[in-house]
file entry-v3.txt (compact mmCIF, C-alpha atoms)
# COMPACT_ATOMS: atom_id res chain seq x y z
CA MET M 8 1.70 42.18 -16.90
CA ASN M 9 0.05 40.00 -19.54
CA ASP M 10 -1.34 37.01 -17.66
CA ARG M 11 -1.92 34.78 -20.69
CA SER M 12 0.50 33.35 -23.22
CA SER M 13 -0.13 33.41 -26.97
CA LEU M 14 -1.00 29.72 -26.79
CA MET M 15 -3.58 30.36 -24.06
CA LYS M 16 -5.12 33.19 -26.08
CA PHE M 17 -5.22 31.03 -29.20
CA PHE M 18 -7.22 28.24 -27.59
CA TYR M 19 -9.43 30.73 -25.76
CA MET M 20 -10.36 32.42 -29.04
CA LEU M 21 -11.31 29.00 -30.43
CA GLY M 22 -13.65 28.48 -27.49
CA MET M 23 -11.40 25.80 -26.00
CA GLU M 24 -11.27 27.24 -22.51
CA ARG M 25 -10.29 23.98 -20.83
CA ILE M 26 -7.22 23.62 -23.05
CA SER M 27 -6.39 27.30 -22.61
CA TRP M 28 -6.49 26.85 -18.84
CA ALA M 29 -4.26 23.78 -18.96
CA CYS M 30 -1.70 25.70 -21.02
CA ARG M 31 -1.18 28.22 -18.19
CA ARG M 32 1.26 25.76 -16.60
CA LEU M 33 3.58 26.26 -19.57
CA TYR M 34 3.55 30.04 -19.13
CA CYS M 35 6.38 31.55 -17.10
CA PRO M 36 7.25 35.14 -18.09
CA VAL M 37 11.01 34.95 -17.50
CA SER M 38 14.09 34.42 -19.65
CA LYS M 39 15.57 30.99 -20.26
CA SER M 40 18.50 31.87 -18.00
CA ALA M 41 16.28 32.85 -15.04
CA LEU M 42 16.41 30.68 -11.92
CA VAL M 43 12.89 29.58 -10.93
CA LEU M 44 11.75 28.09 -7.62
CA GLU M 45 8.45 26.30 -7.12
CA VAL M 46 7.07 26.27 -3.57
CA GLY M 47 4.62 23.43 -2.94
CA SER M 48 5.55 21.53 -6.08
CA GLY M 49 4.08 18.22 -4.90
CA GLY M 50 3.29 15.57 -7.47
CA ASN M 51 2.84 17.86 -10.46
CA PRO M 52 5.62 20.47 -10.64
CA TYR M 53 5.62 23.23 -13.20
CA PRO M 54 7.87 22.43 -16.18
CA ARG M 55 9.81 25.71 -15.93
CA ALA M 56 10.80 25.34 -12.26
CA ASN M 57 14.53 24.69 -11.74
CA VAL M 58 14.30 23.99 -8.00
CA LEU M 59 11.39 22.33 -6.19
CA LEU M 60 10.29 22.70 -2.58
CA ASP M 61 7.60 20.93 -0.61
CA ALA M 62 6.89 20.41 3.07
CA TYR M 63 6.37 16.63 2.98
CA GLU M 64 7.28 13.53 1.03
CA GLU M 65 3.73 12.25 1.61
CA THR M 66 0.81 14.33 2.79
CA GLN M 67 -2.97 14.48 2.84
CA GLU M 68 -2.77 18.12 1.75
CA ARG M 69 -1.85 17.16 -1.80
CA HIS M 70 -4.25 14.23 -1.79
CA TRP M 71 -1.48 11.69 -1.08
CA ASP M 72 0.17 12.28 -4.46
CA ALA M 73 3.77 11.12 -4.40
CA LEU M 74 6.37 13.87 -4.32
CA ILE M 75 8.14 14.26 -7.65
CA HIS M 76 11.83 15.08 -7.32
CA ASP M 77 13.15 14.94 -10.87
CA ARG M 78 15.30 18.06 -10.29
CA PRO M 79 16.90 19.63 -7.18
CA THR M 80 14.28 19.26 -4.43
CA VAL M 81 14.19 20.65 -0.90
CA LEU M 82 11.92 19.61 1.98
CA SER M 83 10.89 22.69 3.97
CA PHE M 84 7.90 24.86 4.83
CA GLY M 85 7.01 27.91 2.78
CA GLU M 86 6.96 30.06 5.91
CA ASN M 87 10.67 29.38 6.46
CA LEU M 88 12.43 29.04 3.12
CA PRO M 89 16.05 27.83 3.45
CA PHE M 90 17.44 30.19 0.82
CA LYS M 91 19.40 33.44 0.86
CA ASP M 92 17.71 36.73 0.01
CA LYS M 93 16.93 37.11 -3.70
CA SER M 94 18.32 33.69 -4.55
CA PHE M 95 15.78 33.31 -7.35
CA ASP M 96 14.53 35.38 -10.25
CA TYR M 97 11.01 33.94 -10.04
CA VAL M 98 8.96 31.85 -7.61
CA ILE M 99 5.82 29.84 -8.39
CA ALA M 100 3.35 29.12 -5.58
CA ALA M 101 0.35 27.36 -7.12
CA HIS M 102 -2.34 25.95 -4.82
CA VAL M 103 -0.27 26.30 -1.69
CA LEU M 104 -0.99 29.75 -0.15
CA GLU M 105 -4.49 28.64 0.90
CA HIS M 106 -2.96 25.88 3.06
CA THR M 107 -0.96 28.14 5.38
CA PRO M 108 -2.29 29.52 8.67
CA TYR M 109 0.40 32.22 8.47
CA PRO M 110 -0.16 34.09 5.18
CA GLU M 111 1.88 37.13 6.26
CA LYS M 112 4.97 35.03 6.87
CA PHE M 113 4.46 32.89 3.77
CA LEU M 114 4.16 35.91 1.47
CA ALA M 115 7.08 37.65 3.18
CA GLU M 116 9.28 34.63 2.46
CA LEU M 117 8.31 34.57 -1.22
CA GLN M 118 9.28 38.23 -1.50
CA ARG M 119 12.51 37.69 0.43
CA VAL M 120 13.92 34.88 -1.74
CA SER M 121 12.69 36.05 -5.15
CA ARG M 122 12.39 39.15 -7.30
CA ALA M 123 9.05 38.23 -8.84
CA GLY M 124 6.53 35.43 -8.97
CA TYR M 125 3.17 33.84 -9.57
CA ILE M 126 0.48 32.81 -7.09
CA GLU M 127 -2.55 30.66 -7.87
CA THR M 128 -5.37 29.57 -5.54
CA PRO M 129 -9.06 28.77 -5.76
CA ASP M 130 -10.96 32.04 -5.73
CA ALA M 131 -12.64 32.94 -2.43
CA PHE M 132 -16.11 32.40 -3.91
CA MET M 133 -15.25 28.86 -4.98
CA GLU M 134 -13.66 28.19 -1.59
CA ARG M 135 -16.71 29.50 0.26
CA ILE M 136 -19.25 27.32 -1.53
CA ASN M 137 -17.01 24.30 -2.09
CA PRO M 138 -14.53 24.30 0.82
CA TYR M 139 -11.55 21.99 1.09
CA ILE M 140 -10.80 20.09 4.28
CA ASP M 141 -7.27 21.46 4.54
CA HIS M 142 -7.63 24.98 3.13
CA ARG M 143 -7.19 27.60 5.83
CA LEU M 144 -7.68 30.74 3.74
CA GLU M 145 -10.07 32.33 1.28
CA VAL M 146 -8.21 34.47 -1.27
CA THR M 147 -9.36 36.81 -4.00
CA VAL M 148 -8.05 39.88 -5.86
CA ARG M 149 -9.27 43.45 -5.47
CA ASP M 150 -7.52 46.60 -6.75
CA SER M 151 -4.55 44.55 -7.99
CA GLY M 152 -3.89 43.09 -4.56
CA LEU M 153 -4.63 39.89 -2.69
CA VAL M 154 -7.48 39.99 -0.19
CA ILE M 155 -7.12 37.19 2.34
CA ARG M 156 -9.63 35.91 4.87
CA LYS M 157 -8.56 33.35 7.47
CA LYS M 158 -10.97 30.47 8.01
CA PRO M 159 -11.79 29.60 11.65
CA ALA M 160 -12.62 26.06 10.47
CA TRP M 161 -12.56 24.21 7.15
CA ILE M 162 -16.20 25.19 6.52
CA TYR M 163 -16.67 28.93 6.93
CA ASP M 164 -20.39 29.07 6.16
CA THR M 165 -22.19 25.78 6.93
CA ASP M 166 -25.61 26.93 5.75
CA LEU M 167 -24.29 28.17 2.40
CA VAL M 168 -22.46 24.90 1.74
CA GLU M 169 -25.57 22.86 2.61
CA LEU M 170 -27.72 24.88 0.20
CA TYR M 171 -25.09 24.59 -2.53
CA GLU M 172 -24.65 20.84 -2.13
CA ASP M 173 -28.39 20.16 -2.13
CA ARG M 174 -28.82 21.07 -5.82
CA ALA M 175 -26.15 23.17 -7.46
CA LYS M 176 -22.94 21.27 -6.76
CA VAL M 177 -23.36 18.55 -9.39
CA ILE M 178 -23.94 21.10 -12.14
CA ILE M 179 -21.19 23.46 -10.97
CA THR M 180 -18.48 20.80 -10.56
CA ARG M 181 -19.31 18.70 -13.62
CA GLU M 182 -20.15 21.43 -16.10
CA THR M 183 -19.45 25.02 -15.07
CA ILE M 184 -16.02 24.82 -13.45
CA PRO M 185 -14.46 22.46 -16.05
CA LYS M 186 -15.57 24.79 -18.84
CA HIS M 187 -14.69 28.05 -17.06
CA ALA M 188 -11.92 27.15 -14.61
CA ALA M 189 -10.23 30.54 -14.95
CA GLU M 190 -13.28 32.24 -13.48
CA PHE M 191 -13.13 30.12 -10.33
CA HIS M 192 -9.43 30.54 -9.62
CA LEU M 193 -7.11 33.38 -8.74
CA ARG M 194 -3.97 34.05 -10.79
CA TYR M 195 -1.69 36.75 -9.39
CA PHE M 196 1.59 37.92 -10.89
CA TRP M 197 3.89 40.13 -8.83
CA HIS M 198 7.16 41.96 -9.21
CA ASP M 199 9.29 43.36 -6.36
CA ASN M 200 6.48 43.12 -3.80
CA ILE M 201 3.16 41.41 -3.15
CA LYS M 202 0.26 43.72 -2.40
CA PHE M 203 -2.09 42.06 0.07
CA SER M 204 -4.41 42.62 3.02
CA ILE M 205 -5.79 40.25 5.64
CA VAL M 206 -9.33 41.18 6.60
CA ASN M 207 -9.45 39.20 9.86
CA PRO M 208 -5.89 38.83 11.21
CA GLU M 209 -7.23 38.01 14.68
CA VAL M 210 -8.59 34.61 13.54
CA ASP M 211 -6.58 31.53 14.50
CA ALA M 212 -6.25 29.32 11.41
CA THR M 213 -3.96 26.71 12.97
CA TRP M 214 -6.73 24.14 13.41
CA THR M 215 -6.01 20.53 12.42
CA PRO M 216 -7.67 19.36 9.18
CA GLN M 217 -10.02 16.41 9.46
CA VAL M 218 -8.93 13.28 7.64
CA THR M 219 -12.59 12.43 7.00
CA PRO M 220 -15.21 15.19 6.76
CA PRO M 221 -18.56 15.09 8.53
CA PRO M 222 -21.02 12.68 6.80
CA HIS M 223 -23.16 15.51 5.48
CA PHE M 224 -20.24 16.81 3.43
CA ALA M 225 -18.95 13.43 2.27
CA SER M 226 -18.77 14.56 -1.35
CA ASN M 227 -15.76 16.72 -0.45
CA LEU M 228 -13.56 13.73 0.40
CA VAL M 229 -9.87 14.41 -0.08
CA SER M 230 -9.64 11.34 -2.32
CA LYS M 231 -11.70 13.11 -4.99
CA PRO M 232 -10.02 16.51 -5.44
CA ASN M 233 -10.29 16.74 -9.20
CA ALA M 234 -14.04 17.06 -9.03
CA VAL M 235 -13.58 20.73 -8.17
CA CYS M 236 -9.89 21.65 -8.30
CA TYR M 237 -8.31 22.25 -11.70
CA CYS M 238 -4.69 22.56 -10.62

call {"tool": "encode", "arguments": {"input": "entry-v3.txt", "output": "structure tokens"}}
result
Amino acid sequence: MNDRSSLMKFFYMLGMERISWACRRLYCPVSKSALVLEVGSGGNPYPRANVLLDAYEETQERHWDALIHDRPTVLSFGENLPFKDKSFDYVIAAHVLEHTPYPEKFLAELQRVSRAGYIETPDAFMERINPYIDHRLEVTVRDSGLVIRKKPAWIYDTDLVELYEDRAKVIITRETIPKHAAEFHLRYFWHDNIKFSIVNPEVDATWTPQVTPPPHFASNLVSKPNAVCYC
């Protein structure tokens, strides 16, 4: 499946990668009559979604953004979607998979209620060097499938993060990621079924996120998500 719209390709060819990346939110490869669900819609739902779903009205996990409910909206968890099988033609799950401690159940529910869909997360490399307080998974793509690693804590590799924050973080977050956001995020389109593997299923990822991170990692405060997350 083509993962970029004509508009995205146009701006990319002009060297306007930031605009090209922003235009991805307008891209939904379904007909106008298709029924689209967005799981984890939060405070910035995709324009094409007909039905919105989020777990909370207010939550730290979307940086306290107010829930937008300008169309039919349901409060429920992605691991237990309150819809009949194949109720939707398409499901969008952008920047929500990495929050679940139960990726098998979450992905099974997406496949159960929809015929196709789109998943977006930070790429595992970005998550490893610049971890989020409430992200429980590292996700990347290999051989056209999702490769998922559960995090035993919000920081998987303390030494790596310390080395990164000492010098590289300012350059990466202010210059590299804004200009090349597509290279630091995962975009996965699926039809009929989601191909995925979990490399460490024995890990318990149900730990409670810290409201305030340790002092050494203060630059990752939840109140400043846009420094590194181009959602």

call {"tool": "closest_residue", "arguments": {"input": "entry-v3.txt", "among": "M:Gln67, M:Gln118, M:Ser83, M:Thr128", "to": "Ala189 of chain M", "atoms": "all atoms listed in the file"}}
result
M:Thr128

call {"tool": "residues_around", "arguments": {"input": "entry-v3.txt", "residues": "Thr165 of chain M", "least_positions_apart": "3", "cutoff": "12 Å", "atoms": "all atoms listed in the file", "output": "PyMOL selection string"}}
result
chain M and resi 135-138+160-162+168-172+221+223-224

call {"tool": "atom_distance", "arguments": {"input": "entry-v3.txt", "atom1": "atom CA of Val43 of chain M", "atom2": "atom CA of Gly124 of chain M"}}
result
8.9 Å

call {"tool": "atom_distance", "arguments": {"input": "entry-v3.txt", "atom1": "atom CA of Asp166 of chain M", "atom2": "atom CA of Phe191 of chain M"}}
result
20.6 Å

call {"tool": "closest_residue", "arguments": {"input": "entry-v3.txt", "among": "M:Glu190, M:Glu105, M:Asp61, M:Glu86", "to": "Leu74 of chain M", "atoms": "all atoms listed in the file"}}
result
M:Asp61

call {"tool": "closest_residue", "arguments": {"input": "entry-v3.txt", "among": "M:Tyr63, M:Trp197, M:Phe18, M:Trp71", "to": "Arg122 of chain M", "atoms": "only C-alpha atoms"}}
result
M:Trp197

call {"tool": "closest_residue", "arguments": {"input": "entry-v3.txt", "among": "M:His142, M:Met133, M:Lys112, M:Val81", "to": "Thr183 of chain M", "atoms": "all atoms listed in the file"}}
result
M:Met133

call {"tool": "residues_around", "arguments": {"input": "entry-v3.txt", "residues": "Arg119 of chain M", "least_positions_apart": "4", "cutoff": "12 Å", "atoms": "only C-alpha atoms", "output": "VMD selection string"}}
result
chain M and resid 85 to 98 112 to 115 123 to 124 198 to 201

call {"tool": "closest_residue", "arguments": {"input": "entry-v3.txt", "among": "M:Ala41, M:Cys30, M:Met23, M:Ile205", "to": "Arg11 of chain M", "atoms": "all atoms listed in the file"}}
result
M:Cys30

call {"tool": "residues_around", "arguments": {"input": "entry-v3.txt", "residues": "Arg149 of chain M", "least_positions_apart": "5", "cutoff": "12 Å", "atoms": "all atoms listed in the file", "output": "list in words"}}
result
Asp130, Ala131, Val154, Ile155, Leu193, Tyr195, Lys202, Phe203 and Ser204 of chain M

call {"tool": "residues_around", "arguments": {"input": "entry-v3.txt", "residues": "Pro159 of chain M", "least_positions_apart": "4", "cutoff": "7 Å", "atoms": "all atoms listed in the file", "output": "list in words"}}
result
Tyr163, Val210, Asp211 and Ala212 of chain M

call {"tool": "atom_distance", "arguments": {"input": "entry-v3.txt", "atom1": "atom CA of Ala56 of chain M", "atom2": "atom CA of Ala29 of chain M"}}
result
16.6 Å

call {"tool": "axis_aligned_box", "arguments": {"input": "entry-v3.txt", "around": "segment 99-108 of chain M", "padding_each_side": "6 Å", "output": "lines of an AutoDock Vina configuration file"}}
result
center_x = 0.7
center_y = 27.9
center_z = 0.1
size_x = 22.3
size_y = 16.0
size_z = 29.1

call {"tool": "closest_residue", "arguments": {"input": "entry-v3.txt", "among": "M:His106, M:Arg156, M:Arg32, M:His76", "to": "Arg55 of chain M", "atoms": "all atoms listed in the file"}}
result
M:Arg32
